[in-house]
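What follows is a single structure, written as structure tokens, with notes after it.
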Amino acid sequence: MTALIAEPVSSQEPVDVDLQRALMRLKPEQRVAILLVHAHGHTYAEAAQLLGLPVTSVTNHIQRGLVRLRRLMEGK
């Protein structure tokens, strides 16, 4: 299995608790796809390879997950 990141990443930015809670309310496949692409910087193709899915599935997970995430964050 390929490692998702080479080494731990630290950030000086404060943690957004509301965002973390909203992410946890997504379906696991949506959350993982979003985090691989938007937090870890993988391309859709790389995320698809890591997850063993077609790129179209990763694209769908990300699109649907982002729509739900926006709704959850707006309604906090």
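Scheme for the structure tokens: letters A, B, ... for chains in order shown; per-chain residue numbers from 1; ligand numbers from 1 in order shown.
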List the spatial neighbours of range 18-27 of chain A as a PDB file with N, CA, C and O atoms, in the first residue's frame - criterion: any atom at most 12 Å away, only C-alpha atoms, same-chain residues fewer than 3 positions off excluded.
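Dumped to selection-v8.pdb:
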```pdb
ATOM      1  N   PRO A  14      -4.762  27.861  13.186  1.00  0.00           N
ATOM      2  CA  PRO A  14      -5.638  27.217  14.167  1.00  0.00           C
ATOM      3  C   PRO A  14      -6.576  26.215  13.492  1.00  0.00           C
ATOM      4  O   PRO A  14      -6.905  26.343  12.319  1.00  0.00           O
ATOM      5  N   VAL A  15      -6.993  25.232  14.243  1.00  0.00           N
ATOM      6  CA  VAL A  15      -7.891  24.199  13.735  1.00  0.00           C
ATOM      7  C   VAL A  15      -9.308  24.762  13.695  1.00  0.00           C
ATOM      8  O   VAL A  15      -9.767  25.386  14.640  1.00  0.00           O
ATOM      9  N   GLN A  30     -16.569  10.289   0.600  1.00  0.00           N
ATOM     10  CA  GLN A  30     -16.524  11.710   0.229  1.00  0.00           C
ATOM     11  C   GLN A  30     -15.441  12.425   1.031  1.00  0.00           C
ATOM     12  O   GLN A  30     -14.641  13.182   0.474  1.00  0.00           O
ATOM     13  N   ARG A  31     -15.409  12.159   2.335  1.00  0.00           N
ATOM     14  CA  ARG A  31     -14.423  12.808   3.205  1.00  0.00           C
ATOM     15  C   ARG A  31     -12.995  12.475   2.771  1.00  0.00           C
ATOM     16  O   ARG A  31     -12.150  13.359   2.638  1.00  0.00           O
ATOM     17  N   VAL A  32     -12.732  11.200   2.518  1.00  0.00           N
ATOM     18  CA  VAL A  32     -11.376  10.782   2.143  1.00  0.00           C
ATOM     19  C   VAL A  32     -10.972  11.407   0.807  1.00  0.00           C
ATOM     20  O   VAL A  32      -9.855  11.913   0.667  1.00  0.00           O
ATOM     21  N   ALA A  33     -11.870  11.379  -0.167  1.00  0.00           N
ATOM     22  CA  ALA A  33     -11.551  11.956  -1.484  1.00  0.00           C
ATOM     23  C   ALA A  33     -11.270  13.453  -1.367  1.00  0.00           C
ATOM     24  O   ALA A  33     -10.298  13.959  -1.944  1.00  0.00           O
ATOM     25  N   ILE A  34     -12.090  14.163  -0.611  1.00  0.00           N
ATOM     26  CA  ILE A  34     -11.883  15.609  -0.433  1.00  0.00           C
ATOM     27  C   ILE A  34     -10.552  15.875   0.256  1.00  0.00           C
ATOM     28  O   ILE A  34      -9.791  16.750  -0.161  1.00  0.00           O
ATOM     29  N   LEU A  35     -10.250  15.129   1.304  1.00  0.00           N
ATOM     30  CA  LEU A  35      -9.002  15.362   2.033  1.00  0.00           C
ATOM     31  C   LEU A  35      -7.778  15.028   1.187  1.00  0.00           C
ATOM     32  O   LEU A  35      -6.777  15.755   1.236  1.00  0.00           O
ATOM     33  N   ALA A  39      -6.696  18.709   0.879  1.00  0.00           N
ATOM     34  CA  ALA A  39      -5.810  18.902   2.027  1.00  0.00           C
ATOM     35  C   ALA A  39      -4.395  18.386   1.766  1.00  0.00           C
ATOM     36  O   ALA A  39      -3.426  18.993   2.203  1.00  0.00           O
ATOM     37  N   HIS A  61     -17.512  11.736  -5.781  1.00  0.00           N
ATOM     38  CA  HIS A  61     -17.407  11.828  -4.322  1.00  0.00           C
ATOM     39  C   HIS A  61     -17.039  13.251  -3.902  1.00  0.00           C
ATOM     40  O   HIS A  61     -17.607  13.790  -2.945  1.00  0.00           O
ATOM     41  N   ILE A  62     -16.108  13.853  -4.608  1.00  0.00           N
ATOM     42  CA  ILE A  62     -15.677  15.204  -4.256  1.00  0.00           C
ATOM     43  C   ILE A  62     -16.787  16.215  -4.518  1.00  0.00           C
ATOM     44  O   ILE A  62     -17.087  17.054  -3.660  1.00  0.00           O
ATOM     45  N   GLN A  63     -17.409  16.143  -5.680  1.00  0.00           N
ATOM     46  CA  GLN A  63     -18.472  17.102  -5.992  1.00  0.00           C
ATOM     47  C   GLN A  63     -19.621  17.007  -5.003  1.00  0.00           C
ATOM     48  O   GLN A  63     -20.080  18.021  -4.468  1.00  0.00           O
ATOM     49  N   ARG A  64     -20.093  15.811  -4.749  1.00  0.00           N
ATOM     50  CA  ARG A  64     -21.211  15.637  -3.811  1.00  0.00           C
ATOM     51  C   ARG A  64     -20.805  15.998  -2.391  1.00  0.00           C
ATOM     52  O   ARG A  64     -21.576  16.595  -1.644  1.00  0.00           O
ATOM     53  N   GLY A  65     -19.595  15.632  -2.022  1.00  0.00           N
ATOM     54  CA  GLY A  65     -19.106  15.956  -0.684  1.00  0.00           C
ATOM     55  C   GLY A  65     -18.966  17.450  -0.457  1.00  0.00           C
ATOM     56  O   GLY A  65     -19.307  17.956   0.608  1.00  0.00           O
ATOM     57  N   LEU A  66     -18.483  18.169  -1.459  1.00  0.00           N
ATOM     58  CA  LEU A  66     -18.324  19.622  -1.313  1.00  0.00           C
ATOM     59  C   LEU A  66     -19.673  20.325  -1.221  1.00  0.00           C
ATOM     60  O   LEU A  66     -19.828  21.288  -0.462  1.00  0.00           O
ATOM     61  N   VAL A  67     -20.658  19.845  -1.974  1.00  0.00           N
ATOM     62  CA  VAL A  67     -22.008  20.419  -1.881  1.00  0.00           C
ATOM     63  C   VAL A  67     -22.537  20.235  -0.460  1.00  0.00           C
ATOM     64  O   VAL A  67     -23.033  21.170   0.161  1.00  0.00           O
ATOM     65  N   ARG A  68     -22.406  19.025   0.070  1.00  0.00           N
ATOM     66  CA  ARG A  68     -22.886  18.750   1.430  1.00  0.00           C
ATOM     67  C   ARG A  68     -22.095  19.541   2.462  1.00  0.00           C
ATOM     68  O   ARG A  68     -22.648  20.087   3.421  1.00  0.00           O
ATOM     69  N   LEU A  69     -20.792  19.645   2.271  1.00  0.00           N
ATOM     70  CA  LEU A  69     -19.943  20.377   3.197  1.00  0.00           C
ATOM     71  C   LEU A  69     -20.347  21.847   3.246  1.00  0.00           C
ATOM     72  O   LEU A  69     -20.438  22.435   4.333  1.00  0.00           O
ATOM     73  N   ARG A  70     -20.600  22.439   2.090  1.00  0.00           N
ATOM     74  CA  ARG A  70     -21.048  23.843   2.054  1.00  0.00           C
ATOM     75  C   ARG A  70     -22.345  24.011   2.825  1.00  0.00           C
ATOM     76  O   ARG A  70     -22.513  24.958   3.599  1.00  0.00           O
ATOM     77  N   ARG A  71     -23.287  23.111   2.605  1.00  0.00           N
ATOM     78  CA  ARG A  71     -24.587  23.193   3.308  1.00  0.00           C
ATOM     79  C   ARG A  71     -24.395  23.056   4.819  1.00  0.00           C
ATOM     80  O   ARG A  71     -25.016  23.781   5.607  1.00  0.00           O
ATOM     81  N   LEU A  72     -23.559  22.135   5.218  1.00  0.00           N
ATOM     82  CA  LEU A  72     -23.312  21.936   6.646  1.00  0.00           C
ATOM     83  C   LEU A  72     -22.644  23.164   7.274  1.00  0.00           C
ATOM     84  O   LEU A  72     -22.992  23.562   8.381  1.00  0.00           O
ATOM     85  N   MET A  73     -21.708  23.761   6.564  1.00  0.00           N
ATOM     86  CA  MET A  73     -21.002  24.931   7.102  1.00  0.00           C
ATOM     87  C   MET A  73     -21.906  26.164   7.137  1.00  0.00           C
ATOM     88  O   MET A  73     -21.777  26.995   8.027  1.00  0.00           O
ATOM     89  N   GLU A  74     -22.816  26.275   6.185  1.00  0.00           N
ATOM     90  CA  GLU A  74     -23.736  27.414   6.175  1.00  0.00           C
ATOM     91  C   GLU A  74     -24.747  27.307   7.305  1.00  0.00           C
ATOM     92  O   GLU A  74     -25.208  28.311   7.823  1.00  0.00           O
ATOM     93  N   GLY A  75     -25.083  26.085   7.695  1.00  0.00           N
ATOM     94  CA  GLY A  75     -26.100  25.880   8.703  1.00  0.00           C
ATOM     95  C   GLY A  75     -25.569  25.683  10.108  1.00  0.00           C
ATOM     96  O   GLY A  75     -26.291  25.268  10.990  1.00  0.00           O
ATOM     97  N   LYS A  76     -24.284  26.006  10.333  1.00  0.00           N
ATOM     98  CA  LYS A  76     -23.714  25.739  11.665  1.00  0.00           C
ATOM     99  C   LYS A  76     -24.316  26.498  12.756  1.00  0.00           C
ATOM    100  O   LYS A  76     -25.077  27.167  13.034  1.00  0.00           O
TER     101      LYS A  76
END
```
| query | If you run DSSP on this backbone, which residues of chain A come out as alpha helix (DSSP H), and could you give them as an MDAnalysis selection string? | reply | chainID A and resid 17:24 28:34 44:51 55:74
